[in-house]
$ cat model36.cif   # mmCIF, C-alpha atoms and all ligand atoms
data_target
loop_
_atom_site.label_atom_id
_atom_site.label_comp_id
_atom_site.auth_asym_id
_atom_site.auth_seq_id
_atom_site.Cartn_x
_atom_site.Cartn_y
_atom_site.Cartn_z
CA MET A 1 2.58 76.89 44.50
CA LYS A 2 3.60 79.91 46.60
CA LEU A 3 5.17 82.69 44.55
CA LEU A 4 7.14 85.53 46.06
CA VAL A 5 6.76 88.35 43.54
CA THR A 6 9.03 91.34 44.11
CA GLY A 7 7.96 94.70 42.69
CA GLY A 8 4.41 93.43 42.16
CA ALA A 9 2.89 96.90 42.61
CA GLY A 10 4.69 98.25 39.53
CA PHE A 11 3.66 98.07 35.88
CA ILE A 12 4.79 94.59 34.79
CA GLY A 13 4.64 93.05 38.27
CA SER A 14 0.98 94.01 38.74
CA ASN A 15 0.09 92.81 35.23
CA PHE A 16 1.87 89.55 36.12
CA ILE A 17 -0.24 89.13 39.27
CA HIS A 18 -3.43 89.70 37.23
CA TYR A 19 -2.15 87.21 34.63
CA TRP A 20 -1.16 84.62 37.23
CA PHE A 21 -4.44 84.63 39.15
CA LYS A 22 -6.34 84.35 35.84
CA HIS A 23 -4.35 81.28 34.80
CA HIS A 24 -3.44 79.75 38.18
CA PRO A 25 -6.26 80.83 40.51
CA ASN A 26 -5.32 78.42 43.29
CA ASP A 27 -1.69 79.49 43.65
CA GLU A 28 -0.62 81.82 46.44
CA ILE A 29 1.12 85.13 45.72
CA TRP A 30 3.07 87.23 48.18
CA ASN A 31 3.81 90.63 46.73
CA LEU A 32 6.88 92.28 48.29
CA ASP A 33 7.11 95.92 47.25
CA LYS A 34 8.68 99.04 48.73
CA LEU A 35 6.06 101.30 47.10
CA THR A 36 8.47 103.78 45.59
CA TYR A 37 6.87 106.43 43.37
CA ALA A 38 6.41 103.61 40.77
CA GLY A 39 4.49 101.26 43.09
CA ASN A 40 0.71 101.63 43.09
CA LEU A 41 -1.57 99.30 45.02
CA GLU A 42 -4.55 100.61 43.08
CA ASN A 43 -3.30 98.33 40.29
CA LEU A 44 -4.21 95.37 42.50
CA LYS A 45 -7.20 96.55 44.45
CA GLU A 46 -9.41 93.67 43.30
CA PHE A 47 -7.09 91.26 45.14
CA THR A 48 -7.22 93.00 48.53
CA GLY A 49 -8.63 90.54 51.05
CA ARG A 50 -8.25 87.52 48.74
CA PRO A 51 -7.05 84.65 50.97
CA ASN A 52 -4.27 83.55 48.59
CA TYR A 53 -2.85 87.06 48.05
CA LYS A 54 -0.73 88.99 50.54
CA PHE A 55 0.97 92.36 50.18
CA ILE A 56 4.14 92.98 52.16
CA LEU A 57 5.50 96.51 52.34
CA GLY A 58 9.27 96.15 52.37
CA ASP A 59 12.61 96.75 50.71
CA ILE A 60 14.32 93.85 48.93
CA ILE A 61 17.63 95.15 50.23
CA SER A 62 16.69 94.13 53.78
CA ALA A 63 17.73 90.55 54.53
CA ASP A 64 15.48 90.65 57.64
CA VAL A 65 12.52 91.15 55.32
CA THR A 66 13.51 88.87 52.46
CA MET A 67 15.02 85.86 54.26
CA PRO A 68 11.81 84.55 55.91
CA LEU A 69 9.73 85.27 52.80
CA VAL A 70 12.13 83.41 50.52
CA ARG A 71 12.36 80.56 53.06
CA ASP A 72 8.59 80.09 53.06
CA CYS A 73 7.86 80.43 49.32
CA ASP A 74 8.42 77.99 46.45
CA VAL A 75 9.53 80.38 43.70
CA VAL A 76 10.90 83.93 43.61
CA VAL A 77 9.85 86.03 40.59
CA HIS A 78 11.98 89.14 40.77
CA PHE A 79 10.65 92.30 39.09
CA ALA A 80 11.59 94.94 41.70
CA ALA A 81 13.88 97.57 40.22
CA GLU A 82 14.33 101.22 39.57
CA SER A 83 13.26 101.13 35.92
CA HIS A 84 13.33 104.57 34.32
CA VAL A 85 16.38 105.53 32.23
CA ASP A 86 15.83 109.32 32.55
CA ARG A 87 15.74 109.08 36.35
CA SER A 88 18.98 107.05 36.31
CA ILE A 89 20.64 109.90 34.42
CA MET A 90 19.51 112.42 37.04
CA GLY A 91 20.76 110.25 39.94
CA ASP A 92 21.73 106.61 40.05
CA ILE A 93 22.29 105.63 43.68
CA ASP A 94 18.86 104.02 44.11
CA PHE A 95 19.46 102.07 40.89
CA ILE A 96 22.62 100.58 42.36
CA LYS A 97 20.98 99.92 45.73
CA THR A 98 17.85 98.19 44.43
CA ASN A 99 18.90 96.69 41.11
CA VAL A 100 22.34 95.44 42.18
CA LEU A 101 22.43 95.14 45.98
CA GLY A 102 18.74 94.27 46.29
CA THR A 103 19.16 91.47 43.77
CA GLN A 104 22.20 90.19 45.65
CA VAL A 105 20.23 90.05 48.92
CA LEU A 106 17.46 88.06 47.23
CA LEU A 107 19.93 85.74 45.52
CA ASN A 108 21.65 85.08 48.80
CA ALA A 109 18.32 84.14 50.40
CA ALA A 110 17.44 81.89 47.45
CA LYS A 111 20.83 80.20 47.75
CA GLU A 112 20.40 79.73 51.49
CA TYR A 113 17.01 78.03 51.09
CA ASP A 114 17.66 76.42 47.70
CA LYS A 115 14.75 78.11 45.92
CA ARG A 116 13.81 78.48 42.25
CA PHE A 117 14.56 82.05 41.16
CA HIS A 118 13.50 83.92 38.03
CA HIS A 119 15.11 87.27 37.28
CA ILE A 120 13.38 89.82 35.05
CA SER A 121 15.79 91.86 32.99
CA THR A 122 15.94 94.03 29.91
CA ASP A 123 17.29 94.15 26.36
CA GLU A 124 19.05 97.41 27.30
CA VAL A 125 21.93 95.43 28.84
CA PHE A 126 23.12 94.66 25.30
CA GLY A 127 23.56 98.32 24.33
CA GLN A 128 22.27 99.73 21.04
CA LEU A 129 21.92 98.53 17.43
CA PRO A 130 22.35 100.65 14.31
CA LEU A 131 19.28 101.89 12.41
CA ASN A 132 18.30 100.31 9.10
CA THR A 133 19.86 96.90 9.68
CA LYS A 134 18.28 93.51 10.27
CA GLU A 135 20.60 92.94 13.24
CA LYS A 136 18.94 91.82 16.47
CA PHE A 137 20.13 91.00 19.97
CA ASN A 138 19.97 87.41 21.16
CA GLU A 139 21.02 85.46 24.26
CA SER A 140 24.68 85.40 23.15
CA SER A 141 24.99 89.13 22.45
CA PRO A 142 27.77 90.70 24.48
CA TYR A 143 26.78 92.98 27.35
CA ASN A 144 27.34 96.67 26.59
CA PRO A 145 25.10 98.75 28.89
CA ARG A 146 25.20 102.48 28.20
CA SER A 147 22.98 104.12 30.84
CA PRO A 148 23.24 103.88 34.63
CA TYR A 149 19.90 102.00 34.57
CA SER A 150 21.10 99.37 32.11
CA ALA A 151 24.50 99.13 33.82
CA ALA A 152 22.75 98.36 37.11
CA LYS A 153 20.51 95.78 35.40
CA ALA A 154 23.58 94.25 33.72
CA GLY A 155 25.20 94.02 37.17
CA SER A 156 22.16 92.15 38.46
CA ASP A 157 22.19 89.74 35.48
CA HIS A 158 25.87 88.99 36.08
CA LEU A 159 25.16 88.28 39.74
CA VAL A 160 22.38 85.85 38.81
CA ARG A 161 24.71 84.10 36.36
CA ALA A 162 27.45 83.96 39.01
CA TYR A 163 25.05 82.39 41.55
CA ILE A 164 24.00 79.80 38.97
CA HIS A 165 27.60 78.96 38.10
CA THR A 166 29.22 79.14 41.53
CA HIS A 167 26.42 78.15 43.88
CA GLY A 168 24.33 75.97 41.58
CA LEU A 169 21.30 78.22 42.10
CA ALA A 170 18.21 77.07 40.19
CA ALA A 171 17.75 80.35 38.35
CA THR A 172 16.69 81.64 34.93
CA ILE A 173 16.80 85.12 33.38
CA SER A 174 14.59 86.83 30.83
CA ASN A 175 15.69 89.91 28.89
CA ALA A 176 12.60 91.63 27.53
CA SER A 177 12.07 94.54 25.19
CA ASN A 178 9.88 97.63 25.79
CA ASN A 179 6.58 96.61 27.36
CA PHE A 180 3.34 98.55 26.92
CA GLY A 181 -0.19 98.12 28.24
CA PRO A 182 -2.40 98.98 31.24
CA TYR A 183 -1.01 100.28 34.55
CA GLN A 184 2.22 101.68 33.05
CA PHE A 185 3.46 104.69 34.99
CA PRO A 186 2.87 107.80 32.87
CA GLU A 187 6.55 108.76 32.72
CA LYS A 188 7.23 106.17 29.98
CA LEU A 189 6.72 107.14 26.33
CA ILE A 190 3.38 105.49 25.48
CA PRO A 191 1.39 106.32 28.64
CA LEU A 192 2.98 109.78 28.80
CA ALA A 193 1.92 110.51 25.21
CA ILE A 194 -1.63 109.21 25.74
CA THR A 195 -2.23 111.01 29.03
CA ASN A 196 -0.73 114.28 27.77
CA LEU A 197 -2.86 114.18 24.63
CA LEU A 198 -5.98 113.40 26.65
CA VAL A 199 -5.58 116.73 28.45
CA GLY A 200 -4.51 118.66 25.34
CA LYS A 201 -0.82 118.82 26.29
CA SER A 202 2.05 118.37 23.84
CA VAL A 203 4.14 115.16 23.64
CA PRO A 204 7.90 115.63 24.14
CA VAL A 205 9.92 113.85 21.45
CA TYR A 206 13.58 113.42 22.32
CA GLY A 207 16.05 114.48 19.60
CA ASP A 208 14.99 113.61 16.05
CA GLY A 209 12.43 111.03 17.26
CA LEU A 210 13.95 108.38 14.98
CA TYR A 211 14.85 106.05 17.84
CA VAL A 212 13.53 102.52 17.55
CA ARG A 213 12.16 100.23 20.26
CA ASP A 214 10.85 96.65 20.04
CA TRP A 215 7.39 96.89 21.62
CA VAL A 216 5.91 93.86 23.39
CA TYR A 217 2.44 93.83 24.93
CA VAL A 218 2.81 93.25 28.66
CA GLU A 219 0.58 90.16 28.66
CA ASP A 220 2.90 88.45 26.16
CA HIS A 221 5.80 89.13 28.54
CA CYS A 222 3.82 87.69 31.49
CA ARG A 223 3.00 84.55 29.49
CA ALA A 224 6.66 84.17 28.56
CA ILE A 225 7.60 84.23 32.26
CA ASP A 226 4.96 81.57 32.95
CA LEU A 227 6.47 79.41 30.18
CA ILE A 228 9.97 79.89 31.58
CA LEU A 229 8.81 78.84 35.06
CA GLU A 230 7.11 75.79 33.57
CA LYS A 231 9.59 74.69 30.90
CA GLY A 232 12.69 76.90 31.08
CA GLU A 233 16.03 75.18 31.50
CA ILE A 234 17.80 76.10 34.72
CA GLY A 235 20.77 78.37 34.08
CA GLN A 236 19.38 79.66 30.79
CA THR A 237 18.57 83.16 29.55
CA TYR A 238 15.61 83.88 27.24
CA CYS A 239 15.08 86.98 25.09
CA ILE A 240 11.42 88.07 24.99
CA GLY A 241 10.48 90.50 22.24
CA GLY A 242 7.36 91.66 20.46
CA MET A 243 5.79 91.63 17.02
CA THR A 244 6.78 95.03 15.68
CA LYS A 245 8.88 95.66 12.63
CA ASP A 246 11.18 98.60 13.33
CA ILE A 247 9.00 101.51 14.35
CA SER A 248 10.32 104.92 15.42
CA ASN A 249 9.14 106.85 18.46
CA LEU A 250 7.75 109.47 16.10
CA GLU A 251 5.64 106.86 14.30
CA VAL A 252 4.37 105.51 17.64
CA ILE A 253 3.32 109.01 18.70
CA ARG A 254 1.70 109.71 15.32
CA LYS A 255 -0.33 106.50 15.68
CA ILE A 256 -1.53 107.55 19.15
CA ILE A 257 -2.45 111.00 17.83
CA LYS A 258 -4.42 109.37 15.01
CA ILE A 259 -6.24 106.97 17.37
CA LEU A 260 -7.26 109.95 19.51
CA GLY A 261 -8.24 112.02 16.46
CA GLN A 262 -5.83 114.77 17.46
CA ASP A 263 -3.43 117.07 15.68
CA GLU A 264 0.28 116.55 14.95
CA SER A 265 0.96 120.13 16.08
CA LEU A 266 0.98 118.55 19.58
CA ILE A 267 4.36 116.93 18.81
CA GLU A 268 7.10 118.92 20.53
CA TYR A 269 10.75 118.22 19.73
CA VAL A 270 12.84 118.59 22.89
CA LYS A 271 16.49 118.14 23.87
CA ASP A 272 17.72 114.58 23.41
CA ARG A 273 18.30 112.11 26.26
CA PRO A 274 22.07 111.95 27.03
CA GLY A 275 23.55 108.65 25.80
CA HIS A 276 20.26 107.77 24.04
CA ASP A 277 20.35 104.23 22.57
CA ARG A 278 19.36 104.34 18.88
CA ARG A 279 17.68 101.03 18.33
CA TYR A 280 16.68 97.85 20.15
CA ALA A 281 15.44 94.65 18.49
CA LEU A 282 15.23 91.17 20.01
CA ASP A 283 15.48 87.77 18.38
CA TRP A 284 13.12 85.56 20.43
CA SER A 285 13.62 82.37 18.37
CA LYS A 286 15.23 80.51 21.29
CA ALA A 287 12.14 81.16 23.44
CA LYS A 288 9.97 80.00 20.55
CA LYS A 289 11.96 76.83 20.00
CA GLU A 290 12.43 75.83 23.65
CA LEU A 291 9.30 77.20 25.30
CA GLY A 292 6.77 77.63 22.50
CA TYR A 293 6.71 81.39 23.13
CA GLN A 294 5.61 83.81 20.50
CA PRO A 295 4.01 87.21 20.90
CA GLU A 296 0.27 87.01 20.32
CA HIS A 297 -0.73 90.65 20.63
CA ASP A 298 -0.41 92.73 17.48
CA PHE A 299 1.18 96.15 18.12
CA GLU A 300 -1.38 98.24 16.20
CA ASP A 301 -4.42 96.49 17.74
CA TYR A 302 -3.08 96.55 21.26
CA LEU A 303 -1.84 100.13 21.00
CA GLU A 304 -5.44 101.03 20.25
CA LYS A 305 -6.69 98.91 23.18
CA THR A 306 -4.07 100.52 25.43
CA VAL A 307 -5.20 104.01 24.42
CA LEU A 308 -8.76 102.96 25.21
CA TRP A 309 -7.69 101.66 28.63
CA TYR A 310 -6.16 105.02 29.55
CA GLN A 311 -9.29 106.78 28.23
CA GLN A 312 -11.49 104.56 30.38
CA ASN A 313 -9.28 104.75 33.45
CA GLN A 314 -8.67 108.47 33.69
CA SER A 315 -8.98 108.53 37.48
CA TRP A 316 -6.17 105.92 37.73
CA TRP A 317 -3.61 108.14 36.03
CA GLN A 318 -5.04 111.43 37.29
CA ARG A 319 -4.50 110.20 40.85
CA ILE A 320 -0.89 109.44 39.91
CA LYS A 321 -0.34 112.87 38.40
CA SER A 322 -1.89 114.55 41.47
CA GLY A 323 0.04 112.30 43.91
CA GLU A 324 -3.17 111.02 45.55
CA TYR A 325 -2.38 107.40 44.63
CA GLN A 326 0.27 107.29 47.34
CA GLN A 327 -2.38 107.69 50.03
CA TYR A 328 -4.11 104.46 48.96
CA TYR A 329 -1.76 102.24 50.91
CA GLN A 330 -2.17 104.19 54.12
CA LYS A 331 -5.93 104.16 53.91
CA ASN A 332 -6.29 100.50 52.99
CA TYR A 333 -3.52 98.75 54.84
CA GLU A 334 -2.23 100.69 57.85
CA LEU A 335 -5.72 101.41 59.15
CA ARG A 336 -6.84 97.84 58.56
CA SER A 337 -3.88 96.39 60.41
CA ARG A 338 -4.49 98.69 63.41
CA ASN A 339 -8.12 97.61 63.70
P1 LIG A 401 8.17 99.81 37.57
O1 LIG A 401 9.11 100.95 37.81
O2 LIG A 401 6.82 100.10 37.02
O3 LIG A 401 7.94 99.00 38.93
C1 LIG A 401 8.97 98.68 39.80
C2 LIG A 401 8.35 98.20 41.11
O4 LIG A 401 9.43 97.81 42.00
C3 LIG A 401 7.55 99.27 41.85
O5 LIG A 401 6.34 98.73 42.33
C4 LIG A 401 8.46 99.69 43.00
O6 LIG A 401 7.75 100.17 44.15
C5 LIG A 401 9.19 98.38 43.28
N1 LIG A 401 10.49 98.58 43.95
C6 LIG A 401 11.47 99.46 43.57
N2 LIG A 401 12.51 99.37 44.43
C7 LIG A 401 12.18 98.40 45.34
C8 LIG A 401 12.85 97.85 46.46
N3 LIG A 401 14.07 98.27 46.83
N4 LIG A 401 12.24 96.87 47.17
C9 LIG A 401 10.99 96.43 46.81
N5 LIG A 401 10.32 96.93 45.76
C10 LIG A 401 10.90 97.90 45.04
O7 LIG A 401 8.96 98.79 36.66
P2 LIG A 401 8.42 97.87 35.46
O8 LIG A 401 8.40 98.65 34.22
O9 LIG A 401 7.23 97.14 35.93
O10 LIG A 401 9.65 96.84 35.36
C11 LIG A 401 9.69 95.65 36.15
C12 LIG A 401 10.96 94.89 35.85
O11 LIG A 401 11.01 94.58 34.47
C13 LIG A 401 12.23 95.68 36.14
O12 LIG A 401 13.18 94.79 36.66
C14 LIG A 401 12.66 96.20 34.77
O13 LIG A 401 14.06 96.38 34.73
C15 LIG A 401 12.22 95.06 33.89
N6 LIG A 401 11.88 95.41 32.50
C16 LIG A 401 11.01 96.43 32.22
C17 LIG A 401 10.66 96.70 30.90
C18 LIG A 401 9.68 97.78 30.54
O14 LIG A 401 9.49 98.06 29.36
N7 LIG A 401 9.00 98.40 31.48
C19 LIG A 401 11.24 95.93 29.87
C20 LIG A 401 12.13 94.91 30.20
C21 LIG A 401 12.44 94.65 31.51
O1 LIG A 402 13.96 98.16 26.45
C1 LIG A 402 13.41 97.84 27.69
C2 LIG A 402 13.36 99.08 28.55
O2 LIG A 402 12.30 99.88 28.05
C3 LIG A 402 13.15 98.77 30.02
O3 LIG A 402 14.25 98.06 30.50
C4 LIG A 402 12.98 100.06 30.83
O4 LIG A 402 12.68 99.76 32.18
C5 LIG A 402 11.84 100.87 30.23
O5 LIG A 402 11.72 102.09 30.91
C6 LIG A 402 12.08 101.10 28.74
O6 LIG A 402 13.20 102.00 28.52
P1 LIG A 402 13.16 103.14 27.41
O7 LIG A 402 14.12 104.19 27.79
O8 LIG A 402 13.25 102.56 26.05
O9 LIG A 402 11.63 103.65 27.63
P2 LIG A 402 10.98 105.11 27.66
O10 LIG A 402 9.50 104.93 27.63
O11 LIG A 402 11.57 105.99 28.70
O12 LIG A 402 11.42 105.70 26.23
C7 LIG A 402 11.06 105.04 25.02
C8 LIG A 402 11.66 105.84 23.87
O13 LIG A 402 10.99 107.10 23.78
C9 LIG A 402 13.12 106.18 24.06
O14 LIG A 402 13.75 106.20 22.79
C10 LIG A 402 13.11 107.59 24.63
C11 LIG A 402 11.89 108.20 23.98
N1 LIG A 402 11.15 109.22 24.76
C12 LIG A 402 10.80 108.93 26.03
C13 LIG A 402 10.10 109.81 26.80
C14 LIG A 402 9.73 109.49 28.24
C15 LIG A 402 10.77 110.41 24.15
O15 LIG A 402 11.07 110.67 22.98
N2 LIG A 402 10.07 111.30 24.92
C16 LIG A 402 9.71 111.06 26.22
O16 LIG A 402 9.09 111.94 26.86
#

$ encode --input "model36.cif" --output "structure tokens" --more "lines below"
Ligand code: NAD
Ligand code: DAU
Amino acid sequence: MKLLVTGGAGFIGSNFIHYWFKHHPNDEIWNLDKLTYAGNLENLKEFTGRPNYKFILGDIISADVTMPLVRDCDVVVHFAAESHVDRSIMGDIDFIKTNVLGTQVLLNAAKEYDKRFHHISTDEVFGQLPLNTKEKFNESSPYNPRSPYSAAKAGSDHLVRAYIHTHGLAATISNASNNFGPYQFPEKLIPLAITNLLVGKSVPVYGDGLYVRDWVYVEDHCRAIDLILEKGEIGQTYCIGGMTKDISNLEVIRKIIKILGQDESLIEYVKDRPGHDRRYALDWSKAKKELGYQPEHDFEDYLEKTVLWYQQNQSWWQRIKSGEYQQYYQKNYELRSRN
């Protein structure tokens, strides 16, 4: 099978490529990525030169780029997005361009060539839940996005649904909760906390720190996508959550501090995020019933393993913080293609 993976140089996309080659070593992957600040080819360096892996530098919004790639692949797995809520609050135009328009361009190509399409989305499209309830989001929850990021993702989900309904596109959607694990850009809570603590810096906690996320280890998410591609019903949406009981940001940070043997004086309360969603929780029973999905990675164990990964891969995140990681592409691809 030939997979066109968009956004494969980002956090989940690169973990997905690692996952896929481990479980389907003979498949072919084309990774189409624009290499925004969030794209990092160092995540995939072991695949450079592998005959069944190809990296294509390009923007999903360009039909000239996407049309021939979609035509020649079997399946599109669409991760590419602007993904950081705080950045969407500072400026949202790129969120609209990539998440909404970019998705439309890909959908149009998939419609043209009648290709299987899987769209990766988020639980944030459903809005927020109150604290201290058992309430969870599921596939029938109404859409109520509250940040420019989640509004743009909601727009993309609606477009996918419209293409399924109107054009009969063979598409599926997954709405996942907060992923954590290796290769996550250190602007997101868990890698930011770990990498700050590793250099003795404080960890910024927004507001009262009593916000709740549903943490899923990235490999569980990748396996869920595999199951959807294998067994998912065309036209369906699947919610993919983790194993955690409600856990606040403050508790997550305290756990990381404890793993690193550091001091809670490094917790720094800062101004809250505007429009901050209080709580997310996902009911993944449909994915369990229809696909056999269930998260296999315990939060506590894999938080510890994730901390260890960042400890053992200091040069990976130090090169991000210094900006050096962006030179990797030039050195390894432009020079090679000129020779
Ligand atoms: P990320 O920001 O780490 O990576 C995004 C990737 O997309 C980068 O490699 C970037 O270069 C690429 N990209 C951005 N704009 C592009 C464009 N116009 N054309 C081609 N490539 C482009 O994101 P992530 O955390 O890996 O998230 C991947 C997907 O999963 C996103 O769609 C996101 O909404 C969704 N998601 C993320 C989480 C999470 O916790 N991180 C949870 C649920 C869903
Ligand atoms: O729920 C899925 C979503 O999870 C994905 O769709 C997004 O792409 C992904 O970025 C993530 O969004 P969040 O906003 O939940 O993730 P973030 O890591 O930015 O923040 C997690 C929580 O921690 C949130 O309540 C805000 C808080 N936070 C975050 C940062 C960066 C802090 O308290 N301090 C921080 O410095």

$ closest_residue --input "model36.cif" --among "A:Ser62, A:Thr172, A:Asn332, A:Thr237" --to "Val77 in chain A" --atoms "only C-alpha atoms"
A:Thr172

$ axis_aligned_box --input "model36.cif" --around "ligand LIG 402 (chain A)" --padding-each-side "3 Å" --output "AutoDock Vina command-line options"
--center_x 11.7 --center_y 104.9 --center_z 27.5 --size_x 11.2 --size_y 20.1 --size_z 15.4

$ residues_near_ligand --input "model36.cif" --ligand "ligand LIG 401 (chain A)" --cutoff "7 Å" --atoms "only C-alpha atoms and all ligand atoms" --output "MDAnalysis selection string"
chainID A and resid 6:13 32:40 58:61 79:84 98 102 120:123 153 175:180 184:185

$ residues_around --input "model36.cif" --residues "Thr244 in chain A" --least-positions-apart "5" --cutoff "8 Å" --atoms "all atoms listed in the file" --output "ChimeraX atom specification"
/A:214-216,298-299

$ closest_residue --input "model36.cif" --among "A:Ile259, A:Leu57, A:Ile96, A:Val105" --to "Leu303 in chain A" --atoms "all atoms listed in the file"
A:Ile259

$ residues_near_ligand --input "model36.cif" --ligand "ligand LIG 402 (chain A)" --cutoff "8 Å" --atoms "all atoms listed in the file" --output "ChimeraX atom specification"
/A:82-86,121-124,149-150,176-179,187-190,192-193,203-207,209,211-214,249-250,272-273,276-280

$ closest_residue --input "model36.cif" --among "A:Lys289, A:His297, A:Lys111, A:Lys305" --to "Ala162 in chain A" --atoms "all atoms listed in the file"
A:Lys111

$ atom_distance --input "model36.cif" --atom1 "CA of Lys321 in chain A" --atom2 "CA of Leu198 in chain A"
13.0 Å

$ atom_distance --input "model36.cif" --atom1 "CA of Val65 in chain A" --atom2 "CA of Ile320 in chain A"
27.4 Å

$ residues_around --input "model36.cif" --residues "Leu291 in chain A" --least-positions-apart "4" --cutoff "7 Å" --atoms "all atoms listed in the file" --output "PyMOL selection string"
chain A and resi 227-228+231-232+287

$ residues_around --input "model36.cif" --residues "Tyr238 in chain A" --least-positions-apart "6" --cutoff "8 Å" --atoms "all atoms listed in the file" --output "count of residues only"
7

$ closest_residue --input "model36.cif" --among "A:Gly323, A:Pro186, A:Gly235, A:Pro295" --to "His118 in chain A" --atoms "all atoms listed in the file"
A:Gly235

$ atom_distance --input "model36.cif" --atom1 "CA of Tyr143 in chain A" --atom2 "CA of Leu101 in chain A"
19.3 Å

$ residues_near_point --input "model36.cif" --point "(-1.0, 94.6, 25.1)" --cutoff "6 Å" --atoms "only C-alpha atoms" --output "CSV table (one decimal) with C-alpha atoms, keeping the file's coordinate frame"
chain,number,residue,atom,x,y,z
A,181,GLY,CA,-0.2,98.1,28.2
A,217,TYR,CA,2.4,93.8,24.9
A,218,VAL,CA,2.8,93.2,28.7
A,219,GLU,CA,0.6,90.2,28.7
A,297,HIS,CA,-0.7,90.6,20.6
A,302,TYR,CA,-3.1,96.6,21.3

$ closest_residue --input "model36.cif" --among "A:Gln262, A:Gln314, A:Asn108, A:Gln294" --to "Gly168 in chain A" --atoms "only C-alpha atoms"
A:Asn108

$ closest_residue --input "model36.cif" --among "A:Pro145, A:Ile164, A:Lys136, A:Gly155" --to "Arg116 in chain A" --atoms "only C-alpha atoms"
A:Ile164

$ residues_around --input "model36.cif" --residues "Gln104 in chain A" --least-positions-apart "5" --cutoff "9 Å" --atoms "all atoms listed in the file" --output "list of chain:residue names"
A:Ile61, A:Asn99, A:Ala109, A:Ser156, A:Leu159, A:Val160

$ residues_around --input "model36.cif" --residues "range 132-135 of chain A" --least-positions-apart "6" --cutoff "9 Å" --atoms "all atoms listed in the file" --output "JSON, numbers by chain"
{"A": [246, 281, 282, 283]}

$ write_last_selection --input "model36.cif" --atoms "C-alpha atoms" --output "PDB file, keeping the file's coordinate frame"
ATOM      1  CA  ASP A 246      11.180  98.600  13.330  1.00  0.00           C
ATOM      2  CA  ALA A 281      15.440  94.650  18.490  1.00  0.00           C
ATOM      3  CA  LEU A 282      15.230  91.170  20.010  1.00  0.00           C
ATOM      4  CA  ASP A 283      15.480  87.770  18.380  1.00  0.00           C
TER       5      ASP A 283
END

$ decode --input "model36.cif" --residues "range 122-131 of chain A" --atoms "N, CA, C and O atoms" --output "PDB file, in the first residue's frame"
ATOM      1  N   THR A 122      -9.440  16.535  16.470  1.00  0.00           N
ATOM      2  CA  THR A 122      -9.203  16.731  17.897  1.00  0.00           C
ATOM      3  C   THR A 122     -10.505  16.749  18.697  1.00  0.00           C
ATOM      4  O   THR A 122     -11.561  17.108  18.164  1.00  0.00           O
ATOM      5  N   ASP A 123     -10.392  16.431  19.990  1.00  0.00           N
ATOM      6  CA  ASP A 123     -11.564  16.545  20.872  1.00  0.00           C
ATOM      7  C   ASP A 123     -11.946  18.004  21.121  1.00  0.00           C
ATOM      8  O   ASP A 123     -13.042  18.290  21.621  1.00  0.00           O
ATOM      9  N   GLU A 124     -11.030  18.941  20.807  1.00  0.00           N
ATOM     10  CA  GLU A 124     -11.315  20.354  21.112  1.00  0.00           C
ATOM     11  C   GLU A 124     -12.478  20.909  20.297  1.00  0.00           C
ATOM     12  O   GLU A 124     -13.036  21.954  20.653  1.00  0.00           O
ATOM     13  N   VAL A 125     -12.854  20.216  19.211  1.00  0.00           N
ATOM     14  CA  VAL A 125     -13.986  20.704  18.400  1.00  0.00           C
ATOM     15  C   VAL A 125     -15.292  20.681  19.196  1.00  0.00           C
ATOM     16  O   VAL A 125     -16.243  21.379  18.861  1.00  0.00           O
ATOM     17  N   PHE A 126     -15.343  19.864  20.255  1.00  0.00           N
ATOM     18  CA  PHE A 126     -16.587  19.724  21.027  1.00  0.00           C
ATOM     19  C   PHE A 126     -16.720  20.783  22.124  1.00  0.00           C
ATOM     20  O   PHE A 126     -17.723  20.802  22.844  1.00  0.00           O
ATOM     21  N   GLY A 127     -15.692  21.608  22.305  1.00  0.00           N
ATOM     22  CA  GLY A 127     -15.764  22.632  23.357  1.00  0.00           C
ATOM     23  C   GLY A 127     -15.239  22.097  24.669  1.00  0.00           C
ATOM     24  O   GLY A 127     -14.324  21.272  24.688  1.00  0.00           O
ATOM     25  N   GLN A 128     -15.804  22.572  25.784  1.00  0.00           N
ATOM     26  CA  GLN A 128     -15.288  22.165  27.097  1.00  0.00           C
ATOM     27  C   GLN A 128     -16.362  21.446  27.909  1.00  0.00           C
ATOM     28  O   GLN A 128     -17.556  21.594  27.676  1.00  0.00           O
ATOM     29  N   LEU A 129     -15.907  20.684  28.908  1.00  0.00           N
ATOM     30  CA  LEU A 129     -16.802  20.014  29.864  1.00  0.00           C
ATOM     31  C   LEU A 129     -16.587  20.645  31.238  1.00  0.00           C
ATOM     32  O   LEU A 129     -15.503  21.154  31.532  1.00  0.00           O
ATOM     33  N   PRO A 130     -17.605  20.557  32.106  1.00  0.00           N
ATOM     34  CA  PRO A 130     -17.399  21.072  33.462  1.00  0.00           C
ATOM     35  C   PRO A 130     -16.488  20.158  34.280  1.00  0.00           C
ATOM     36  O   PRO A 130     -16.386  18.966  33.995  1.00  0.00           O
ATOM     37  N   LEU A 131     -15.826  20.724  35.282  1.00  0.00           N
ATOM     38  CA  LEU A 131     -15.012  19.922  36.211  1.00  0.00           C
ATOM     39  C   LEU A 131     -15.920  19.080  37.085  1.00  0.00           C
ATOM     40  O   LEU A 131     -17.104  19.407  37.247  1.00  0.00           O
TER      41      LEU A 131
END
